file final24.tsv (TSV, C-alpha atoms)
chain	number	residue	atom	x	y	z
A	1	MET	CA	0.71	-30.70	15.88
A	2	GLU	CA	2.68	-27.44	15.77
A	3	LEU	CA	3.98	-27.99	12.23
A	4	ALA	CA	0.49	-28.90	11.02
A	5	ILE	CA	-0.91	-25.67	12.47
A	6	VAL	CA	1.91	-23.61	10.93
A	7	ILE	CA	1.21	-25.12	7.50
A	8	ALA	CA	-2.52	-24.50	7.96
A	9	VAL	CA	-1.92	-20.86	8.89
A	10	VAL	CA	0.37	-20.28	5.91
A	11	VAL	CA	-2.18	-21.83	3.53
A	12	VAL	CA	-5.06	-19.81	5.00
A	13	ALA	CA	-2.91	-16.64	4.85
A	14	LEU	CA	-2.35	-17.20	1.14
A	15	VAL	CA	-6.09	-17.81	0.67
A	16	PHE	CA	-6.70	-14.46	2.39
A	17	ASP	CA	-4.11	-12.91	0.07
A	18	TYR	CA	-5.98	-14.32	-2.91
A	19	THR	CA	-9.35	-13.01	-1.65
A	20	ASN	CA	-7.66	-9.67	-1.01
A	21	GLY	CA	-6.62	-9.64	-4.67
A	22	PHE	CA	-10.04	-10.30	-6.17
A	23	HIS	CA	-11.78	-8.18	-3.52
A	24	ASP	CA	-9.53	-5.19	-4.22
A	25	ALA	CA	-8.87	-5.70	-7.94
A	26	ALA	CA	-11.44	-3.00	-8.61
A	27	ASN	CA	-9.35	-0.46	-6.71
A	28	ALA	CA	-6.73	-0.30	-9.42
A	29	ILE	CA	-8.85	-0.72	-12.54
A	30	ALA	CA	-12.41	0.51	-11.94
A	31	THR	CA	-11.72	4.10	-12.94
A	32	SER	CA	-9.73	3.14	-16.07
A	33	VAL	CA	-12.40	0.67	-17.18
A	34	SER	CA	-15.30	3.04	-16.48
A	35	THR	CA	-13.67	5.81	-18.56
A	36	ARG	CA	-12.87	3.28	-21.32
A	37	ALA	CA	-9.15	4.02	-21.01
A	38	LEU	CA	-8.56	0.26	-20.76
A	39	THR	CA	-10.61	-2.82	-21.54
A	40	PRO	CA	-11.46	-4.95	-18.48
A	41	ARG	CA	-9.17	-7.83	-19.51
A	42	ILE	CA	-6.17	-5.63	-20.30
A	43	ALA	CA	-6.75	-3.70	-17.07
A	44	LEU	CA	-6.80	-6.93	-15.05
A	45	VAL	CA	-3.58	-8.20	-16.64
A	46	LEU	CA	-1.89	-4.84	-16.00
A	47	ALA	CA	-3.12	-4.77	-12.39
A	48	ALA	CA	-2.00	-8.38	-11.75
A	49	ILE	CA	1.51	-7.74	-13.07
A	50	MET	CA	1.93	-4.47	-11.15
A	51	ASN	CA	0.55	-6.06	-7.96
A	52	PHE	CA	3.26	-8.73	-8.21
A	53	VAL	CA	6.02	-6.18	-8.81
A	54	GLY	CA	4.77	-3.90	-6.02
A	55	ALA	CA	4.87	-6.77	-3.54
A	56	LEU	CA	8.62	-7.12	-4.10
A	57	LEU	CA	9.48	-3.49	-3.32
A	58	GLY	CA	9.48	-3.38	0.48
A	59	GLN	CA	8.91	-5.07	3.84
A	60	GLU	CA	8.19	-2.15	6.16
A	61	VAL	CA	4.41	-2.65	6.24
A	62	ALA	CA	4.88	-6.40	6.80
A	63	HIS	CA	6.89	-5.75	9.95
A	64	THR	CA	4.23	-3.34	11.22
A	65	VAL	CA	1.52	-6.00	10.77
A	66	SER	CA	3.63	-8.62	12.54
A	67	ASP	CA	3.98	-6.24	15.53
A	68	VAL	CA	0.22	-5.74	16.05
A	69	ILE	CA	-0.12	-8.65	18.47
A	70	GLN	CA	2.26	-10.80	20.52
A	71	VAL	CA	1.49	-14.51	20.68
A	72	ASN	CA	3.38	-17.64	21.67
A	73	GLY	CA	3.25	-21.36	21.00
A	74	ASN	CA	0.41	-23.36	19.52
A	75	ALA	CA	-2.20	-21.19	21.24
A	76	GLY	CA	-0.72	-18.17	19.51
A	77	LEU	CA	-0.87	-19.91	16.14
A	78	VAL	CA	-4.57	-20.59	16.70
A	79	VAL	CA	-5.06	-16.86	17.37
A	80	VAL	CA	-3.47	-16.01	14.02
A	81	LEU	CA	-5.52	-18.70	12.24
A	82	ALA	CA	-8.77	-17.38	13.75
A	83	GLY	CA	-7.84	-13.83	12.78
A	84	LEU	CA	-7.34	-14.91	9.18
A	85	PHE	CA	-10.67	-16.74	9.09
A	86	GLY	CA	-12.41	-13.62	10.43
A	87	ALA	CA	-10.80	-11.43	7.76
A	88	ILE	CA	-11.65	-13.85	4.94
A	89	ALA	CA	-15.26	-14.13	6.11
A	90	TRP	CA	-15.71	-10.35	6.19
A	91	ASN	CA	-14.04	-9.99	2.77
A	92	LEU	CA	-16.49	-12.48	1.27
A	93	ILE	CA	-19.50	-10.82	2.91
A	94	THR	CA	-18.61	-7.34	1.65
A	95	TRP	CA	-17.64	-8.72	-1.79
A	96	TYR	CA	-21.04	-10.42	-2.07
A	97	PHE	CA	-22.85	-7.14	-1.37
A	98	GLY	CA	-20.47	-5.17	-3.63
A	99	LEU	CA	-19.11	-2.98	-0.84
A	100	PRO	CA	-15.49	-1.81	-1.22
A	101	SER	CA	-14.45	-2.37	2.40
A	102	SER	CA	-10.87	-2.64	3.62
A	103	SER	CA	-9.12	-6.02	3.51
A	104	SER	CA	-6.32	-4.44	5.54
A	105	HIS	CA	-8.56	-3.44	8.41
A	106	ALA	CA	-10.41	-6.75	8.20
A	107	LEU	CA	-7.10	-8.56	8.71
A	108	ILE	CA	-5.91	-6.39	11.59
A	109	GLY	CA	-9.38	-6.34	13.17
A	110	GLY	CA	-9.47	-10.14	12.93
A	111	LEU	CA	-6.07	-10.52	14.58
A	112	VAL	CA	-7.02	-8.12	17.37
A	113	GLY	CA	-10.42	-9.74	17.96
A	114	ALA	CA	-8.92	-13.23	18.23
A	115	ALA	CA	-6.07	-11.97	20.44
A	116	ILE	CA	-8.44	-10.24	22.88
A	117	THR	CA	-10.57	-13.39	23.11
A	118	ALA	CA	-7.49	-15.50	23.81
A	119	GLY	CA	-6.10	-13.05	26.35
A	120	ALA	CA	-3.00	-12.42	24.21
A	121	VAL	CA	-1.01	-9.18	24.13
A	122	VAL	CA	-2.33	-6.48	21.78
A	123	HIS	CA	0.09	-3.64	20.99
A	124	TRP	CA	-2.41	-0.78	21.11
A	125	PRO	CA	0.13	2.04	20.49
A	126	THR	CA	1.07	0.37	17.18
A	127	ILE	CA	-2.61	-0.02	16.25
A	128	VAL	CA	-3.43	3.59	17.11
A	129	ASP	CA	-0.37	5.13	15.45
A	130	LYS	CA	-0.05	2.86	12.41
A	131	VAL	CA	-3.65	1.75	11.79
A	132	LEU	CA	-6.40	3.88	13.32
A	133	ILE	CA	-4.93	7.36	12.74
A	134	PRO	CA	-3.94	6.58	9.11
A	135	MET	CA	-7.36	4.93	8.65
A	136	VAL	CA	-8.99	8.29	9.34
A	137	LEU	CA	-6.45	10.62	7.76
A	138	SER	CA	-5.68	8.80	4.48
A	139	PRO	CA	-9.21	9.02	2.98
A	140	VAL	CA	-9.57	12.63	4.14
A	141	PHE	CA	-6.28	13.54	2.50
A	142	GLY	CA	-7.21	11.50	-0.59
A	143	PHE	CA	-10.46	13.44	-1.00
A	144	ILE	CA	-8.88	16.88	-0.52
A	145	ALA	CA	-5.82	16.12	-2.68
A	146	ALA	CA	-7.85	14.69	-5.57
A	147	PHE	CA	-10.21	17.67	-5.42
A	148	ALA	CA	-7.22	20.05	-5.55
A	149	VAL	CA	-5.43	18.15	-8.33
A	150	MET	CA	-8.59	18.09	-10.45
A	151	LEU	CA	-9.12	21.82	-9.93
A	152	ALA	CA	-5.54	22.39	-11.11
A	153	ILE	CA	-6.13	20.23	-14.20
A	154	MET	CA	-9.34	22.13	-14.99
A	155	TRP	CA	-7.51	25.47	-14.73
A	156	ILE	CA	-4.44	24.36	-16.74
A	157	PHE	CA	-6.51	22.92	-19.60
A	158	ARG	CA	-9.38	25.42	-19.44
A	159	LYS	CA	-8.72	26.77	-22.95
A	160	ARG	CA	-7.99	23.44	-24.63
A	161	ASN	CA	-10.33	21.34	-26.72
A	162	PRO	CA	-12.11	19.00	-24.24
A	163	HIS	CA	-12.12	16.04	-26.64
A	164	LYS	CA	-8.35	16.27	-27.17
A	165	VAL	CA	-7.76	16.74	-23.45
A	166	PHE	CA	-9.84	13.67	-22.57
A	167	ARG	CA	-8.04	11.64	-25.24
A	168	GLY	CA	-4.71	12.55	-23.68
A	169	PHE	CA	-5.85	11.71	-20.16
A	170	ARG	CA	-7.33	8.42	-21.36
A	171	MET	CA	-3.82	7.46	-22.52
A	172	ALA	CA	-2.29	8.78	-19.29
A	173	GLN	CA	-4.61	6.56	-17.28
A	174	THR	CA	-2.63	3.53	-18.39
A	175	PHE	CA	0.26	4.88	-16.31
A	176	SER	CA	-1.83	6.11	-13.37
A	177	ALA	CA	-3.69	2.76	-13.16
A	178	ALA	CA	-0.35	0.92	-13.26
A	179	ALA	CA	1.01	3.18	-10.50
A	180	LEU	CA	-2.05	2.53	-8.36
A	181	ALA	CA	-1.79	-1.24	-8.86
A	182	LEU	CA	1.88	-1.08	-7.91
A	183	GLY	CA	0.93	0.72	-4.71
A	184	HIS	CA	-1.75	-1.87	-4.00
A	185	GLY	CA	0.80	-4.68	-4.24
A	186	LEU	CA	3.25	-2.70	-2.13
A	187	GLN	CA	0.67	-2.26	0.61
A	188	ASP	CA	-1.62	-5.27	0.60
A	189	ALA	CA	0.70	-8.18	-0.24
A	190	GLN	CA	2.95	-7.09	2.61
A	191	LYS	CA	0.12	-7.61	5.09
A	192	THR	CA	0.00	-11.29	4.26
A	193	MET	CA	3.79	-11.44	4.45
A	194	GLY	CA	3.54	-9.94	7.93
A	195	VAL	CA	1.07	-12.59	9.10
A	196	ILE	CA	3.20	-15.46	7.77
A	197	PHE	CA	6.30	-13.86	9.33
A	198	LEU	CA	4.44	-13.62	12.66
A	199	THR	CA	3.48	-17.29	12.34
A	200	LEU	CA	7.03	-18.46	11.62
A	201	THR	CA	8.57	-16.46	14.46
A	202	THR	CA	5.84	-17.55	16.91
A	203	ALA	CA	6.63	-21.18	16.11
A	204	GLY	CA	10.37	-20.49	16.39
A	205	TYR	CA	11.12	-21.37	12.75
A	206	TYR	CA	12.64	-18.03	11.78
A	207	THR	CA	14.56	-16.68	14.76
A	208	ASN	CA	18.24	-16.04	15.45
A	209	SER	CA	20.39	-17.71	18.10
A	210	ALA	CA	18.95	-15.34	20.73
A	211	GLY	CA	15.40	-16.40	19.89
A	212	GLU	CA	14.60	-13.05	18.27
A	213	PRO	CA	12.90	-12.68	14.85
A	214	GLN	CA	15.20	-12.36	11.84
A	215	ALA	CA	15.38	-8.90	10.25
A	216	ASP	CA	14.32	-9.85	6.71
A	217	LEU	CA	11.44	-11.97	5.53
A	218	PRO	CA	12.21	-15.31	3.81
A	219	ILE	CA	12.20	-14.92	0.02
A	220	TRP	CA	9.67	-17.75	-0.39
A	221	VAL	CA	7.19	-15.81	1.77
A	222	VAL	CA	7.60	-12.74	-0.44
A	223	ILE	CA	7.20	-14.69	-3.71
A	224	LEU	CA	4.19	-16.72	-2.53
A	225	SER	CA	2.43	-13.63	-1.18
A	226	ALA	CA	3.10	-11.68	-4.37
A	227	SER	CA	1.83	-14.58	-6.50
A	228	ALA	CA	-1.35	-15.11	-4.46
A	229	ILE	CA	-2.46	-11.47	-4.59
A	230	SER	CA	-1.57	-11.27	-8.28
A	231	LEU	CA	-3.68	-14.34	-9.11
A	232	GLY	CA	-6.52	-12.99	-7.03
A	233	THR	CA	-6.35	-9.68	-8.86
A	234	TYR	CA	-6.52	-11.41	-12.21
A	235	SER	CA	-9.67	-13.23	-11.06
A	236	GLY	CA	-11.30	-9.80	-10.82
A	237	GLY	CA	-13.84	-8.18	-8.55
A	238	TRP	CA	-16.66	-7.18	-10.85
A	239	ARG	CA	-19.28	-6.46	-8.17
A	240	ILE	CA	-17.08	-3.91	-6.43
A	241	MET	CA	-15.84	-2.52	-9.75
A	242	ARG	CA	-19.39	-1.43	-10.59
A	243	THR	CA	-19.65	0.40	-7.26
A	244	LEU	CA	-16.35	2.25	-7.64
A	245	GLY	CA	-16.55	2.88	-11.37
A	246	ARG	CA	-20.18	3.88	-11.83
A	247	ARG	CA	-22.37	3.94	-8.75
A	248	ILE	CA	-20.40	6.65	-6.91
A	249	ILE	CA	-20.07	8.93	-9.93
A	250	HIS	CA	-19.56	8.65	-13.70
A	251	LEU	CA	-15.92	9.65	-14.14
A	252	ASP	CA	-14.29	11.20	-17.18
A	253	PRO	CA	-10.63	10.40	-18.05
A	254	ALA	CA	-9.23	13.55	-16.42
A	255	ARG	CA	-10.96	12.85	-13.10
A	256	GLY	CA	-9.99	9.18	-13.32
A	257	PHE	CA	-6.36	10.17	-13.80
A	258	ALA	CA	-6.50	12.60	-10.86
A	259	ALA	CA	-8.04	9.99	-8.55
A	260	GLU	CA	-5.58	7.25	-9.52
A	261	SER	CA	-2.51	9.51	-9.27
A	262	VAL	CA	-3.45	10.80	-5.83
A	263	GLY	CA	-4.31	7.29	-4.63
A	264	ALA	CA	-0.94	5.96	-5.77
A	265	GLY	CA	0.91	8.84	-4.09
A	266	VAL	CA	-0.82	8.23	-0.76
A	267	LEU	CA	-0.03	4.48	-0.90
A	268	TYR	CA	3.68	5.07	-1.60
A	269	THR	CA	4.03	7.73	1.10
A	270	THR	CA	2.35	5.71	3.85
A	271	ALA	CA	4.31	2.54	2.96
A	272	PHE	CA	7.81	4.00	2.58
A	273	VAL	CA	7.66	6.94	5.01
A	274	PHE	CA	5.22	5.96	7.76
A	275	HIS	CA	5.26	2.13	7.40
A	276	ALA	CA	1.51	2.25	7.91
A	277	PRO	CA	-0.79	-0.48	6.50
A	278	ILE	CA	-3.51	1.78	5.13
A	279	SER	CA	-6.53	0.75	3.10
A	280	THR	CA	-6.14	0.93	-0.67
A	281	THR	CA	-9.94	0.81	-0.87
A	282	HIS	CA	-10.46	3.80	1.41
A	283	THR	CA	-7.82	5.80	-0.42
A	284	ILE	CA	-9.02	5.35	-4.00
A	285	THR	CA	-12.71	5.62	-3.08
A	286	SER	CA	-12.19	8.94	-1.32
A	287	ALA	CA	-10.02	10.15	-4.21
A	288	ILE	CA	-12.80	9.26	-6.67
A	289	MET	CA	-15.24	11.26	-4.54
A	290	GLY	CA	-12.85	14.20	-4.36
A	291	ALA	CA	-12.17	14.29	-8.09
A	292	GLY	CA	-15.87	13.80	-8.86
A	293	ALA	CA	-16.96	16.57	-6.52
A	294	THR	CA	-15.27	19.14	-8.77
A	295	LYS	CA	-18.16	18.71	-11.22
A	296	ARG	CA	-20.52	19.72	-8.45
A	297	PHE	CA	-21.03	18.21	-5.03
A	298	SER	CA	-24.44	16.89	-6.01
A	299	ALA	CA	-22.79	14.86	-8.82
A	300	VAL	CA	-21.44	12.43	-6.22
A	301	ARG	CA	-24.03	9.88	-5.15
A	302	TRP	CA	-23.68	10.48	-1.44
A	303	GLY	CA	-26.19	7.74	-0.58
A	304	VAL	CA	-23.83	5.15	-2.04
A	305	ALA	CA	-20.94	6.92	-0.34
A	306	ARG	CA	-22.72	6.63	3.03
A	307	SER	CA	-23.10	2.87	2.54
A	308	ILE	CA	-19.39	2.60	1.79
A	309	VAL	CA	-18.45	4.65	4.85
A	310	ALA	CA	-20.70	2.43	6.98
A	311	ALA	CA	-18.81	-0.62	5.69
A	312	TRP	CA	-15.52	1.11	6.56
A	313	VAL	CA	-16.63	1.80	10.12
A	314	LEU	CA	-17.98	-1.71	10.64
A	315	THR	CA	-15.02	-3.59	9.14
A	316	PHE	CA	-12.59	-3.45	12.08
A	317	PRO	CA	-15.07	-4.48	14.84
A	318	MET	CA	-17.08	-6.94	12.72
A	319	ALA	CA	-13.99	-8.80	11.48
A	320	GLY	CA	-12.84	-8.88	15.09
A	321	LEU	CA	-16.12	-10.39	16.28
A	322	VAL	CA	-16.13	-13.03	13.55
A	323	ALA	CA	-12.49	-13.89	14.36
A	324	ALA	CA	-13.36	-14.15	18.05
A	325	ALA	CA	-16.07	-16.68	17.22
A	326	PHE	CA	-13.64	-18.65	15.06
A	327	TYR	CA	-11.11	-18.65	17.91
A	328	VAL	CA	-13.64	-20.11	20.34
A	329	VAL	CA	-14.46	-22.90	17.89
A	330	LEU	CA	-10.82	-23.65	16.96
A	331	HIS	CA	-9.74	-23.56	20.60
A	332	ALA	CA	-12.43	-26.12	21.47
A	333	VAL	CA	-11.69	-28.37	18.48
A	334	LEU	CA	-7.89	-28.30	18.65
A	335	GLY	CA	-7.64	-28.12	22.43
A	336	VAL	CA	-4.91	-25.46	22.40
call {"tool": "encode", "arguments": {"input": "final24.tsv", "output": "structure tokens"}}
result
Amino acid sequence: MELAIVIAVVVVALVFDYTNGFHDAANAIATSVSTRALTPRIALVLAAIMNFVGALLGQEVAHTVSDVIQVNGNAGLVVVLAGLFGAIAWNLITWYFGLPSSSSHALIGGLVGAAITAGAVVHWPTIVDKVLIPMVLSPVFGFIAAFAVMLAIMWIFRKRNPHKVFRGFRMAQTFSAAALALGHGLQDAQKTMGVIFLTLTTAGYYTNSAGEPQADLPIWVVILSASAISLGTYSGGWRIMRTLGRRIIHLDPARGFAAESVGAGVLYTTAFVFHAPISTTHTITSAIMGAGATKRFSAVRWGVARSIVAAWVLTFPMAGLVAAAFYVVLHAVLGV
């Protein structure tokens, strides 16, 4: 029974990783496609490759995710499975309605919701310090930083020919989009790695002689997670791409470059310095708003922005509620 549940959890985790890829593919490529810096197909191939590479660059975020809850035995594995189902369900709901919500917060909200329902241990200090505080601060910083970077670009190139400037930034967006996709792989693939790592250590398959988790993740977990998110990215997320690329604001190449560069910088800093699993979606969306607001604040379609913010706020609790429902069902069916 235990091995069957472990295999089921690993498979469902990779399915979540895949949905994360197509749900968040727009994060890395929407701005480049909307400014015509890249064609959709080339942008997707670039994003898929950089997602795979980014997933290989670290494990800090994975360890943070694995520390969110503490579970044991078969009952603990059911908690993880229910959390994954809750996250996948919320990803599909928000994808259907074209809302760029956070797969990261859906996953952690799902794990927490299932754990609370099962009476398992939830490490609230980790959630507050590594999830909730960065959840609030990263989009605020993304907005302010992108606004400031775009103002600097406008001042530096104020006397240049706009057509030549835009042509240069359109070429530069190839690099900023690649950097953003690398950051997405660095952040989001690690979250799936963390769940699989939690599953293996809960079942006792990856512990040392003292029964403690091993320090490094198994290489097969890293490769499978990287591959799943890369394939999902290549599948694309066209509904959400329209929201990010056009419905918030029509971006020009300079503003697209500013948004992507700031987004990538925030992702690298939070992963390598703070080990915090932040939302790629929140970061790039707020950066797009910040860069776009330099035209004039009324240029940003704040009605669409309000809908996106509502999805952000709802993601953590709603994924938790859905996961709680899944736990009740799985607990009754499996009897553990």
call {"tool": "closest_residue", "arguments": {"input": "final24.tsv", "among": "A:Gln59, A:Ser101, A:Ser279, A:Ser261", "to": "Pro218 in chain A", "atoms": "all atoms listed in the file"}}
result
A:Gln59
call {"tool": "atom_distance", "arguments": {"input": "final24.tsv", "atom1": "CA of Tyr206 in chain A", "atom2": "CA of Leu330 in chain A"}}
result
24.7 Å
call {"tool": "closest_residue", "arguments": {"input": "final24.tsv", "among": "A:Val309, A:Val12, A:Val112, A:Ala293", "to": "Ala89 in chain A", "atoms": "all atoms listed in the file"}}
result
A:Val12
call {"tool": "closest_residue", "arguments": {"input": "final24.tsv", "among": "A:Leu99, A:Ile127, A:Ala87, A:Ala332", "to": "Val68 in chain A", "atoms": "all atoms listed in the file"}}
result
A:Ile127
call {"tool": "closest_atom_pairs", "arguments": {"input": "final24.tsv", "of": "range 54-141 of chain A", "to": "range 146-151 of chain A", "cutoff": "12 Å", "atoms": "only C-alpha atoms", "output": "CSV"}}
result
residue,atom,partner,partner_atom,distance
A:Ser138,CA,A:Ala146,CA,11.8
A:Pro139,CA,A:Ala146,CA,10.3
A:Val140,CA,A:Ala146,CA,10.1
A:Phe141,CA,A:Ala146,CA,8.3
call {"tool": "write_last_selection", "arguments": {"input": "final24.tsv", "atoms": "C-alpha atoms", "output": "PDB file, keeping the file's coordinate frame"}}
result
ATOM      1  CA  SER A 138      -5.680   8.800   4.480  1.00  0.00           C
ATOM      2  CA  PRO A 139      -9.210   9.020   2.980  1.00  0.00           C
ATOM      3  CA  VAL A 140      -9.570  12.630   4.140  1.00  0.00           C
ATOM      4  CA  PHE A 141      -6.280  13.540   2.500  1.00  0.00           C
TER       5      PHE A 141
END
call {"tool": "closest_residue", "arguments": {"input": "final24.tsv", "among": "A:Leu251, A:Ala276, A:Met154, A:Ile7", "to": "Tyr205 in chain A", "atoms": "only C-alpha atoms"}}
result
A:Ile7
call {"tool": "atom_distance", "arguments": {"input": "final24.tsv", "atom1": "CA of Ala181 in chain A", "atom2": "CA of Tyr96 in chain A"}}
result
22.4 Å
call {"tool": "residues_around", "arguments": {"input": "final24.tsv", "residues": "Ala319 in chain A", "least_positions_apart": "4", "cutoff": "6 Å", "atoms": "all atoms listed in the file", "output": "PDB file with C-alpha atoms, keeping the file's coordinate frame"}}
result
ATOM      1  CA  GLY A  86     -12.410 -13.620  10.430  1.00  0.00           C
ATOM      2  CA  ALA A  87     -10.800 -11.430   7.760  1.00  0.00           C
ATOM      3  CA  TRP A  90     -15.710 -10.350   6.190  1.00  0.00           C
ATOM      4  CA  ALA A 106     -10.410  -6.750   8.200  1.00  0.00           C
ATOM      5  CA  GLY A 109      -9.380  -6.340  13.170  1.00  0.00           C
ATOM      6  CA  GLY A 110      -9.470 -10.140  12.930  1.00  0.00           C
ATOM      7  CA  THR A 315     -15.020  -3.590   9.140  1.00  0.00           C
TER       8      THR A 315
END
